[in-house]
Every structure is written in C-alpha cells, then in structure tokens.
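Novice: Got protein.pdb for you, PDB, C-alpha atoms:
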ATOM      1  CA  MET Z   1      42.762  30.112 -30.027
ATOM      2  CA  PRO Z   2      41.281  32.590 -32.526
ATOM      3  CA  GLN Z   3      37.894  31.747 -33.953
ATOM      4  CA  ARG Z   4      38.040  30.479 -37.526
ATOM      5  CA  PRO Z   5      36.163  32.637 -40.026
ATOM      6  CA  VAL Z   6      32.754  31.731 -41.395
ATOM      7  CA  VAL Z   7      32.823  31.295 -45.185
ATOM      8  CA  GLY Z   8      30.083  32.029 -47.685
ATOM      9  CA  VAL Z   9      29.147  29.397 -50.274
ATOM     10  CA  LEU Z  10      27.165  30.887 -53.164
ATOM     11  CA  LEU Z  11      25.362  28.229 -55.194
ATOM     12  CA  ALA Z  12      25.373  29.459 -58.798
ATOM     13  CA  ALA Z  13      25.362  26.209 -60.771
ATOM     14  CA  GLY Z  14      21.651  25.963 -61.579
ATOM     15  CA  ARG Z  15      20.085  27.298 -64.781
ATOM     16  CA  GLY Z  16      16.431  27.570 -63.800
ATOM     17  CA  SER Z  17      14.158  25.793 -66.266
ATOM     18  CA  ARG Z  18      11.136  27.737 -64.996
ATOM     19  CA  PHE Z  19      12.806  30.992 -66.039
ATOM     20  CA  ASP Z  20      13.258  29.900 -69.649
ATOM     21  CA  ALA Z  21      11.803  26.554 -70.691
ATOM     22  CA  ALA Z  22      13.851  26.704 -73.907
ATOM     23  CA  GLY Z  23      17.007  26.664 -71.806
ATOM     24  CA  VAL Z  24      18.561  29.624 -73.630
ATOM     25  CA  ALA Z  25      18.553  32.333 -70.958
ATOM     26  CA  ASN Z  26      20.450  31.870 -67.698
ATOM     27  CA  LYS Z  27      18.412  33.569 -64.963
ATOM     28  CA  LEU Z  28      21.557  34.294 -62.950
ATOM     29  CA  LEU Z  29      22.710  36.634 -65.723
ATOM     30  CA  ALA Z  30      19.316  38.330 -66.073
ATOM     31  CA  PRO Z  31      19.446  42.046 -65.231
ATOM     32  CA  LEU Z  32      17.626  43.513 -62.256
ATOM     33  CA  PRO Z  33      15.886  46.889 -62.791
ATOM     34  CA  ASP Z  34      19.191  48.734 -62.176
ATOM     35  CA  GLY Z  35      21.003  46.521 -64.715
ATOM     36  CA  THR Z  36      22.928  44.421 -62.195
ATOM     37  CA  PRO Z  37      22.831  40.685 -63.002
ATOM     38  CA  VAL Z  38      20.913  38.615 -60.429
ATOM     39  CA  ALA Z  39      23.914  36.535 -59.307
ATOM     40  CA  VAL Z  40      26.221  39.550 -59.089
ATOM     41  CA  GLN Z  41      23.930  41.350 -56.647
ATOM     42  CA  ALA Z  42      23.587  38.187 -54.556
ATOM     43  CA  ALA Z  43      27.394  37.852 -54.539
ATOM     44  CA  ARG Z  44      27.978  41.490 -53.621
ATOM     45  CA  HIS Z  45      25.615  41.281 -50.647
ATOM     46  CA  LEU Z  46      27.347  38.105 -49.456
ATOM     47  CA  MET Z  47      30.781  39.717 -49.886
ATOM     48  CA  GLN Z  48      29.690  42.751 -47.844
ATOM     49  CA  ALA Z  49      28.936  40.424 -44.934
ATOM     50  CA  LEU Z  50      31.762  37.880 -45.285
ATOM     51  CA  SER Z  51      35.409  38.270 -46.257
ATOM     52  CA  ASP Z  52      35.617  34.886 -47.998
ATOM     53  CA  VAL Z  53      33.018  33.630 -50.494
ATOM     54  CA  VAL Z  54      33.250  30.564 -52.730
ATOM     55  CA  ALA Z  55      30.898  30.734 -55.733
ATOM     56  CA  VAL Z  56      30.103  27.344 -57.255
ATOM     57  CA  VAL Z  57      29.413  27.277 -61.008
ATOM     58  CA  PRO Z  58      29.272  24.385 -63.501
ATOM     59  CA  ALA Z  59      32.610  23.071 -64.762
ATOM     60  CA  ALA Z  60      31.364  22.835 -68.315
ATOM     61  CA  ALA Z  61      28.041  23.114 -70.048
ATOM     62  CA  THR Z  62      26.330  23.236 -73.389
ATOM     63  CA  HIS Z  63      26.071  26.971 -72.647
ATOM     64  CA  GLY Z  64      29.787  27.378 -72.024
ATOM     65  CA  ALA Z  65      29.930  31.064 -72.956
ATOM     66  CA  GLN Z  66      27.236  31.924 -70.411
ATOM     67  CA  VAL Z  67      28.974  29.897 -67.706
ATOM     68  CA  ASP Z  68      32.269  31.655 -68.490
ATOM     69  CA  GLN Z  69      30.530  35.034 -68.313
ATOM     70  CA  LEU Z  70      28.949  34.143 -64.990
ATOM     71  CA  ALA Z  71      32.291  32.938 -63.602
ATOM     72  CA  THR Z  72      34.008  36.151 -64.707
ATOM     73  CA  LEU Z  73      31.332  38.375 -63.161
ATOM     74  CA  LEU Z  74      31.405  36.501 -59.849
ATOM     75  CA  ALA Z  75      35.209  36.691 -59.724
ATOM     76  CA  GLU Z  76      35.020  40.443 -60.382
ATOM     77  CA  ALA Z  77      32.549  40.708 -57.483
ATOM     78  CA  GLY Z  78      35.250  39.266 -55.216
ATOM     79  CA  CYS Z  79      34.297  35.594 -55.007
ATOM     80  CA  GLU Z  80      36.631  32.670 -55.495
ATOM     81  CA  VAL Z  81      34.958  30.800 -58.338
ATOM     82  CA  LEU Z  82      34.862  27.012 -58.097
ATOM     83  CA  ARG Z  83      33.922  25.066 -61.204
ATOM     84  CA  CYS Z  84      32.081  21.954 -60.036
ATOM     85  CA  PRO Z  85      32.339  18.954 -62.385
ATOM     86  CA  ASN Z  86      29.328  17.320 -60.703
ATOM     87  CA  ALA Z  87      27.055  20.381 -60.800
ATOM     88  CA  ALA Z  88      24.620  18.740 -63.219
ATOM     89  CA  ARG Z  89      23.834  16.155 -60.554
ATOM     90  CA  GLY Z  90      22.045  18.780 -58.494
ATOM     91  CA  MET Z  91      22.304  21.310 -55.693
ATOM     92  CA  GLY Z  92      23.644  18.794 -53.181
ATOM     93  CA  ALA Z  93      26.721  18.128 -55.302
ATOM     94  CA  SER Z  94      27.425  21.861 -55.699
ATOM     95  CA  LEU Z  95      26.931  22.512 -51.994
ATOM     96  CA  ALA Z  96      29.296  19.666 -51.065
ATOM     97  CA  ALA Z  97      31.980  20.995 -53.420
ATOM     98  CA  GLY Z  98      31.724  24.521 -52.050
ATOM     99  CA  VAL Z  99      32.044  23.422 -48.431
ATOM    100  CA  ALA Z 100      34.879  20.995 -49.264
ATOM    101  CA  ALA Z 101      36.826  23.932 -50.717
ATOM    102  CA  ARG Z 102      37.050  25.461 -47.207
ATOM    103  CA  PRO Z 103      37.604  22.558 -44.779
ATOM    104  CA  GLN Z 104      39.197  24.793 -42.120
ATOM    105  CA  ALA Z 105      36.276  27.243 -41.923
ATOM    106  CA  GLY Z 106      34.533  27.924 -38.647
ATOM    107  CA  GLY Z 107      31.246  27.433 -40.476
ATOM    108  CA  TRP Z 108      29.527  28.059 -43.780
ATOM    109  CA  ILE Z 109      26.729  30.334 -44.908
ATOM    110  CA  ILE Z 110      24.914  28.570 -47.756
ATOM    111  CA  ALA Z 111      23.370  31.157 -50.082
ATOM    112  CA  LEU Z 112      21.540  30.919 -53.397
ATOM    113  CA  ALA Z 113      22.614  33.050 -56.359
ATOM    114  CA  ASP Z 114      19.004  33.578 -57.457
ATOM    115  CA  MET Z 115      18.171  35.456 -54.221
ATOM    116  CA  PRO Z 116      19.579  38.971 -54.772
ATOM    117  CA  TRP Z 117      17.380  40.874 -52.313
ATOM    118  CA  ILE Z 118      18.804  39.640 -48.981
ATOM    119  CA  ALA Z 119      20.356  42.553 -47.093
ATOM    120  CA  PRO Z 120      24.043  42.206 -46.152
ATOM    121  CA  GLU Z 121      23.117  43.022 -42.548
ATOM    122  CA  THR Z 122      20.824  39.979 -42.482
ATOM    123  CA  ILE Z 123      23.650  37.732 -43.685
ATOM    124  CA  THR Z 124      25.920  39.215 -41.001
ATOM    125  CA  GLN Z 125      23.315  38.273 -38.374
ATOM    126  CA  VAL Z 126      23.477  34.648 -39.500
ATOM    127  CA  ALA Z 127      27.290  34.615 -39.552
ATOM    128  CA  ASN Z 128      27.477  36.078 -36.039
ATOM    129  CA  ALA Z 129      25.121  33.381 -34.716
ATOM    130  CA  VAL Z 130      27.021  30.406 -36.189
ATOM    131  CA  ASP Z 131      28.666  28.176 -33.591
ATOM    132  CA  PRO Z 132      30.566  24.917 -34.213
ATOM    133  CA  HIS Z 133      27.694  22.622 -33.248
ATOM    134  CA  GLY Z 134      24.642  24.485 -34.493
ATOM    135  CA  CYS Z 135      22.649  25.455 -37.517
ATOM    136  CA  VAL Z 136      21.202  28.955 -38.014
ATOM    137  CA  ALA Z 137      18.044  29.733 -39.965
ATOM    138  CA  LEU Z 138      16.175  32.935 -40.751
ATOM    139  CA  PHE Z 139      12.421  33.314 -40.448
ATOM    140  CA  HIS Z 140      10.144  36.015 -41.843
ATOM    141  CA  ALA Z 141       6.400  36.023 -41.140
ATOM    142  CA  GLY Z 142       6.620  32.431 -39.939
ATOM    143  CA  GLN Z 143       8.429  31.139 -43.037
ATOM    144  CA  ARG Z 144      11.983  29.841 -43.071
ATOM    145  CA  GLY Z 145      14.215  31.508 -45.642
ATOM    146  CA  HIS Z 146      17.815  31.764 -46.841
ATOM    147  CA  PRO Z 147      20.713  31.824 -46.302
ATOM    148  CA  ILE Z 148      21.327  29.062 -43.749
ATOM    149  CA  GLY Z 149      24.388  28.837 -41.523
ATOM    150  CA  PHE Z 150      26.144  25.630 -40.475
ATOM    151  CA  GLY Z 151      28.844  25.241 -37.848
ATOM    152  CA  ALA Z 152      32.140  23.416 -38.358
ATOM    153  CA  ASP Z 153      30.747  20.140 -36.968
ATOM    154  CA  PHE Z 154      28.594  19.809 -40.085
ATOM    155  CA  PHE Z 155      31.572  19.434 -42.452
ATOM    156  CA  ALA Z 156      31.243  15.671 -42.938
ATOM    157  CA  GLY Z 157      27.498  15.812 -43.470
ATOM    158  CA  LEU Z 158      27.628  18.725 -45.896
ATOM    159  CA  THR Z 159      30.444  17.293 -47.993
ATOM    160  CA  ALA Z 160      28.596  13.955 -48.274
ATOM    161  CA  LEU Z 161      25.601  15.559 -50.012
ATOM    162  CA  ASP Z 162      24.949  14.719 -53.653
ATOM    163  CA  GLY Z 163      22.307  14.953 -56.349
ATOM    164  CA  ASP Z 164      19.305  17.152 -55.652
ATOM    165  CA  GLU Z 165      19.496  16.512 -51.922
ATOM    166  CA  GLY Z 166      19.864  19.755 -50.026
ATOM    167  CA  ALA Z 167      21.030  20.113 -46.442
ATOM    168  CA  ARG Z 168      17.529  19.927 -44.925
ATOM    169  CA  ARG Z 169      18.046  16.429 -43.470
ATOM    170  CA  LEU Z 170      21.080  17.670 -41.519
ATOM    171  CA  ILE Z 171      19.016  20.206 -39.586
ATOM    172  CA  ASP Z 172      17.931  19.122 -36.110
ATOM    173  CA  PRO Z 173      14.934  21.299 -35.171
ATOM    174  CA  ALA Z 174      15.820  20.889 -31.484
ATOM    175  CA  LYS Z 175      19.240  22.483 -32.042
ATOM    176  CA  LEU Z 176      18.222  25.060 -34.642
ATOM    177  CA  ILE Z 177      19.134  28.664 -33.874
ATOM    178  CA  SER Z 178      16.221  30.718 -35.227
ATOM    179  CA  ILE Z 179      16.491  34.394 -36.154
ATOM    180  CA  GLU Z 180      13.327  36.354 -36.845
ATOM    181  CA  THR Z 181      13.886  39.122 -39.380
ATOM    182  CA  ASP Z 182      11.813  41.793 -41.097
ATOM    183  CA  ASP Z 183      13.928  41.261 -44.235
ATOM    184  CA  ALA Z 184      11.438  39.835 -46.751
ATOM    185  CA  GLY Z 185      14.348  39.284 -49.149
ATOM    186  CA  ILE Z 186      15.095  35.986 -47.383
ATOM    187  CA  LEU Z 187      11.999  34.541 -49.102
ATOM    188  CA  ARG Z 188      12.355  36.136 -52.543
ATOM    189  CA  ASP Z 189      14.012  34.316 -55.397
ATOM    190  CA  VAL Z 190      13.996  34.607 -59.185
ATOM    191  CA  ASP Z 191      11.989  31.792 -60.738
ATOM    192  CA  THR Z 192      10.398  33.589 -63.674
ATOM    193  CA  PRO Z 193      11.119  36.813 -65.621
ATOM    194  CA  ALA Z 194       8.218  38.473 -63.769
ATOM    195  CA  ASP Z 195      10.118  38.050 -60.478
ATOM    196  CA  LEU Z 196      12.860  40.430 -61.651
ATOM    197  CA  ALA Z 197      10.653  43.487 -61.304
ATOM    198  CA  ARG Z 198       8.617  42.404 -58.297
TER
END
Can the structure in the file be given as structure tokens, please?
Specialist:
Amino acid sequence: MPQRPVVGVLLAAGRGSRFDAAGVANKLLAPLPDGTPVAVQAARHLMQALSDVVAVVPAAATHGAQVDQLATLLAEAGCEVLRCPNAARGMGASLAAGVAARPQAGGWIIALADMPWIAPETITQVANAVDPHGCVALFHAGQRGHPIGFGADFFAGLTALDGDEGARRLIDPAKLISIETDDAGILRDVDTPADLAR
C-alpha cells in the first residue's frame, strides 16, 4: 500500500498585536528586505518541501481587504486557502480546521506564517521523519522550534483543538522524534517591525 503524503498546514489567521498595537498593519503582509511579504515567503518554503499545503486564514474580519489580499497571495504561492470561521477563537481552532481539511493525509507539518526564514530542506527533514504514530520536532542550540510534524494517528487529537490551545499537550516526550538542525530559522518569527530586518 503506497504511503499517504504528508500535508503542510500553514497557520495564517493571526494578526499579531505586538507588531501593530493599533491593529492596522497585518504582519503577515509586511515586506521582508527583498519585498516579499512574510507569509508568502513562509508559504513558498513550505511548498518547496511539500506538494500539498493548506493555508488557514480568517473567514471574515474587520480588515476584510487585508485578509482577501493575504488569501490571494497565498493561493498564488500554490497553497489551497481555507477560510476558517472560528479563527478568532485562536490558533487551536485554525490548526484543527487545517488538519480536518486533509483527513486522508499520512501526517501534517504544522507551520506558522510568521516564520519565513525556515529553509525548505529543514521542512523536508521533518516530513521524511513523520511516521503514523509519532511526532517530529526540530531543535537548534537546545531550543525546540517550528515546524512540528504529526503522524496520521494524531488526527482526532489535532481536530479536537480549539481556542488558543496549541498541540503541545498532544506531544509525548517519550515518543518524540527529535531532529537537531543548524537552521536558526526554526526559532525566528516576526513579532515586531524590528524583526523584519534582523
């Protein structure tokens, strides 16, 4: 029986209040030094490693034009864009929706759209290590980073997440597959405008 493909789930439903307290600017649309929007680079790197990526964005928002722009850019990058009606409830709700969109996957790589510096090769390492029963995590200089891989057995647990609850409670340290990497991008995200040029 052929192995089912591992699917990428790009979480792009958050706005990032630390980036702009006024809530006007969406950090995922902020340009990197080369002009590429943060979320687009994160999506491109995920797409280079995986053939199927679901990008989760809000279904509707007070900033509808920005959400539409983000959805368009992610679709152009090759993602299937999923508008999550429960996105405002938190990351757990977005993660659950993304995984539920691919119930037949062999596993899922959960990636964050505000982490554009992870090398595609690093994501490929995670995907290659995913097995049905395990969870795969990256470590750099002793710190755990992103993305995280989950095998097919985690479907029920992942799709039951809600609110701000991430998938941390599903990870059994005794069964965790750890990959040490020299890719510091697994720890770098965009929280503030200063992070864009770091």
Novice: If you count all atoms listed in the file, which residues fall within 9 Å of Gln104 of chain Z, apart from same-chain ones fewer than 6 positions away, as a PyMOL selection string?
Specialist: chain Z and resi 4-5+152
Novice: Running the PyMOL selection byres ((chain Z and resi 195) around 12) on this model by hand, what would come out? Give it as a list in words.
Specialist: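 Listing what the PyMOL selection byres ((chain Z and resi 195) around 12) selects in the shown file: Arg18, Phe19, Lys27, Ala30, Pro31, Leu32, Pro33, Val38, Asp114, Met115, Pro116, Trp117, Arg188, Asp189, Val190, Asp191, Thr192, Pro193, Ala194, Leu196, Ala197 and Arg198 of chain Z.
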Novice: Please determine, counting all atoms listed in the file, which residue among Z:Leu95, Z:Ala87, Z:Val136, Z:Leu10 has the shortest atom-to-atom distance to Leu74 of chain Z.
Specialist: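 Ranked by minimum distance to Leu74 of chain Z, first place goes to Z:Leu10.
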Novice: Which residues are near Ala113 of chain Z? Cut-off 6 Å, all atoms listed in the file, ignore same chain within fewer than 6 positions. Put them as number ranges by chain.
Specialist: Z: 10-12, 39, 42
Novice: Emit the selected residues as an mmCIF file, in the coordinates of the input, including C-alpha atoms.
Specialist:
data_model
loop_
_atom_site.group_PDB
_atom_site.id
_atom_site.type_symbol
_atom_site.label_atom_id
_atom_site.label_comp_id
_atom_site.auth_asym_id
_atom_site.auth_seq_id
_atom_site.Cartn_x
_atom_site.Cartn_y
_atom_site.Cartn_z
ATOM 1 C CA LEU Z 10 27.165 30.887 -53.164
ATOM 2 C CA LEU Z 11 25.362 28.229 -55.194
ATOM 3 C CA ALA Z 12 25.373 29.459 -58.798
ATOM 4 C CA ALA Z 39 23.914 36.535 -59.307
ATOM 5 C CA ALA Z 42 23.587 38.187 -54.556
#
Novice: Interatomic distance between atom CA of Gly134 of chain Z and atom CA of Asp153 of chain Z?
Specialist: 7.9 Å
Novice: Could you jot down the atom CA of Arg102 of chain Z to atom CA of Val53 of chain Z separation for me, Å, one decimal place?
Specialist: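 Going from atom CA of Arg102 of chain Z over to atom CA of Val53 of chain Z, I get 9.7 Å.
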Novice: Given the choices Z:Asp52, Z:Ala93, Z:Ala71, Z:Val9, which gets closest to Pro147 of chain Z if the distance is worked out from all atoms listed in the file?
Specialist: Z:Val9
Novice: Carefully work through the PyMOL selection byres ((chain Z and resi 51) around 10) for this structure and note down the residues it includes, as a list in words.
Specialist: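 Output from the PyMOL selection byres ((chain Z and resi 51) around 10), applied to this file: Pro5, Val6, Val7, Gly8, Leu46, Met47, Gln48, Ala49, Leu50, Asp52, Val53, Gly78 and Cys79 of chain Z.
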Novice: Which value, in Å to one decimal, gives the distance between atom CA of His45 of chain Z and atom CA of Ala101 of chain Z?
Specialist: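 One can read the atom CA of His45 of chain Z to atom CA of Ala101 of chain Z distance as 20.7 Å.
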Novice: Care to translate the PyMOL selection byres ((chain Z and resi 131) around 9) into actual residues of this file, as a compact mmCIF listing (two decimals) with C-alpha atoms, in the coordinates of the input?
Specialist:
# COMPACT_ATOMS: atom_id res chain seq x y z
CA GLY Z 106 34.53 27.92 -38.65
CA GLY Z 107 31.25 27.43 -40.48
CA ALA Z 127 27.29 34.62 -39.55
CA ASN Z 128 27.48 36.08 -36.04
CA ALA Z 129 25.12 33.38 -34.72
CA VAL Z 130 27.02 30.41 -36.19
CA PRO Z 132 30.57 24.92 -34.21
CA HIS Z 133 27.69 22.62 -33.25
CA GLY Z 134 24.64 24.48 -34.49
CA CYS Z 135 22.65 25.46 -37.52
CA VAL Z 136 21.20 28.96 -38.01
CA PHE Z 150 26.14 25.63 -40.48
CA GLY Z 151 28.84 25.24 -37.85
CA ALA Z 152 32.14 23.42 -38.36
CA ASP Z 153 30.75 20.14 -36.97
Novice: For a quick check of understanding, using all atoms listed in the file, which of Z:Gln66, Z:Ala55, Z:Thr36, Z:Ala167 has the smallest distance to Val24 of chain Z?
Specialist: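 Using all atoms listed in the file, Val24 of chain Z sits closest to Z:Gln66.
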Novice: Looking at all atoms listed in the file, which of Z:Leu187, Z:Asp182, Z:Asp162, Z:Pro120 is the one that sits closest to Arg144 of chain Z?
Specialist: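 The closest residue to Arg144 of chain Z is Z:Leu187.
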Novice: In terms of the shortest atom-to-atom distance over all atoms listed in the file, which of Z:Pro58, Z:Gly90, Z:Gly145, Z:Gly157 is closest to Val126 of chain Z?
Specialist: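 Using all atoms listed in the file, the shortest distance to Val126 of chain Z belongs to Z:Gly145.
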Novice: Can you work out which one of Z:Ile110, Z:Thr159, Z:Glu165, Z:Glu180 has the shortest atom-to-atom distance to His140 of chain Z, counting all atoms listed in the file?
Specialist: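 Checking each of Z:Ile110, Z:Thr159, Z:Glu165, Z:Glu180 against His140 of chain Z, counting all atoms listed in the file, the winner is Z:Glu180.
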Novice: Using only C-alpha atoms, which protein or nucleic acid residues come within 12 Å of Leu161 of chain Z? Drop anything in the same chain fewer than 4 positions from it, and give the result as a PDB file with C-alpha atoms, in the frame of the given file.
Specialist:
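Writing done, so here's around22.pdb:
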ATOM      1  CA  ASN Z  86      29.328  17.320 -60.703  1.00  0.00           C
ATOM      2  CA  ALA Z  87      27.055  20.381 -60.800  1.00  0.00           C
ATOM      3  CA  ARG Z  89      23.834  16.155 -60.554  1.00  0.00           C
ATOM      4  CA  GLY Z  90      22.045  18.780 -58.494  1.00  0.00           C
ATOM      5  CA  MET Z  91      22.304  21.310 -55.693  1.00  0.00           C
ATOM      6  CA  GLY Z  92      23.644  18.794 -53.181  1.00  0.00           C
ATOM      7  CA  ALA Z  93      26.721  18.128 -55.302  1.00  0.00           C
ATOM      8  CA  SER Z  94      27.425  21.861 -55.699  1.00  0.00           C
ATOM      9  CA  LEU Z  95      26.931  22.512 -51.994  1.00  0.00           C
ATOM     10  CA  ALA Z  96      29.296  19.666 -51.065  1.00  0.00           C
ATOM     11  CA  ALA Z  97      31.980  20.995 -53.420  1.00  0.00           C
ATOM     12  CA  GLY Z  98      31.724  24.521 -52.050  1.00  0.00           C
ATOM     13  CA  VAL Z  99      32.044  23.422 -48.431  1.00  0.00           C
ATOM     14  CA  ALA Z 100      34.879  20.995 -49.264  1.00  0.00           C
ATOM     15  CA  PHE Z 154      28.594  19.809 -40.085  1.00  0.00           C
ATOM     16  CA  PHE Z 155      31.572  19.434 -42.452  1.00  0.00           C
ATOM     17  CA  ALA Z 156      31.243  15.671 -42.938  1.00  0.00           C
ATOM     18  CA  GLY Z 157      27.498  15.812 -43.470  1.00  0.00           C
ATOM     19  CA  GLU Z 165      19.496  16.512 -51.922  1.00  0.00           C
ATOM     20  CA  GLY Z 166      19.864  19.755 -50.026  1.00  0.00           C
ATOM     21  CA  ALA Z 167      21.030  20.113 -46.442  1.00  0.00           C
ATOM     22  CA  ARG Z 168      17.529  19.927 -44.925  1.00  0.00           C
ATOM     23  CA  ARG Z 169      18.046  16.429 -43.470  1.00  0.00           C
ATOM     24  CA  LEU Z 170      21.080  17.670 -41.519  1.00  0.00           C
TER      25      LEU Z 170
END
Novice: Box along x, y and z, 4 Å on every side, all listed atoms of segment 6-9 of chain Z inside: centre and edge lengths in Å to one decimal, as JSON.
Specialist:
{"center_x": 31.0, "center_y": 30.7, "center_z": -45.8, "size_x": 11.7, "size_y": 10.6, "size_z": 16.9}
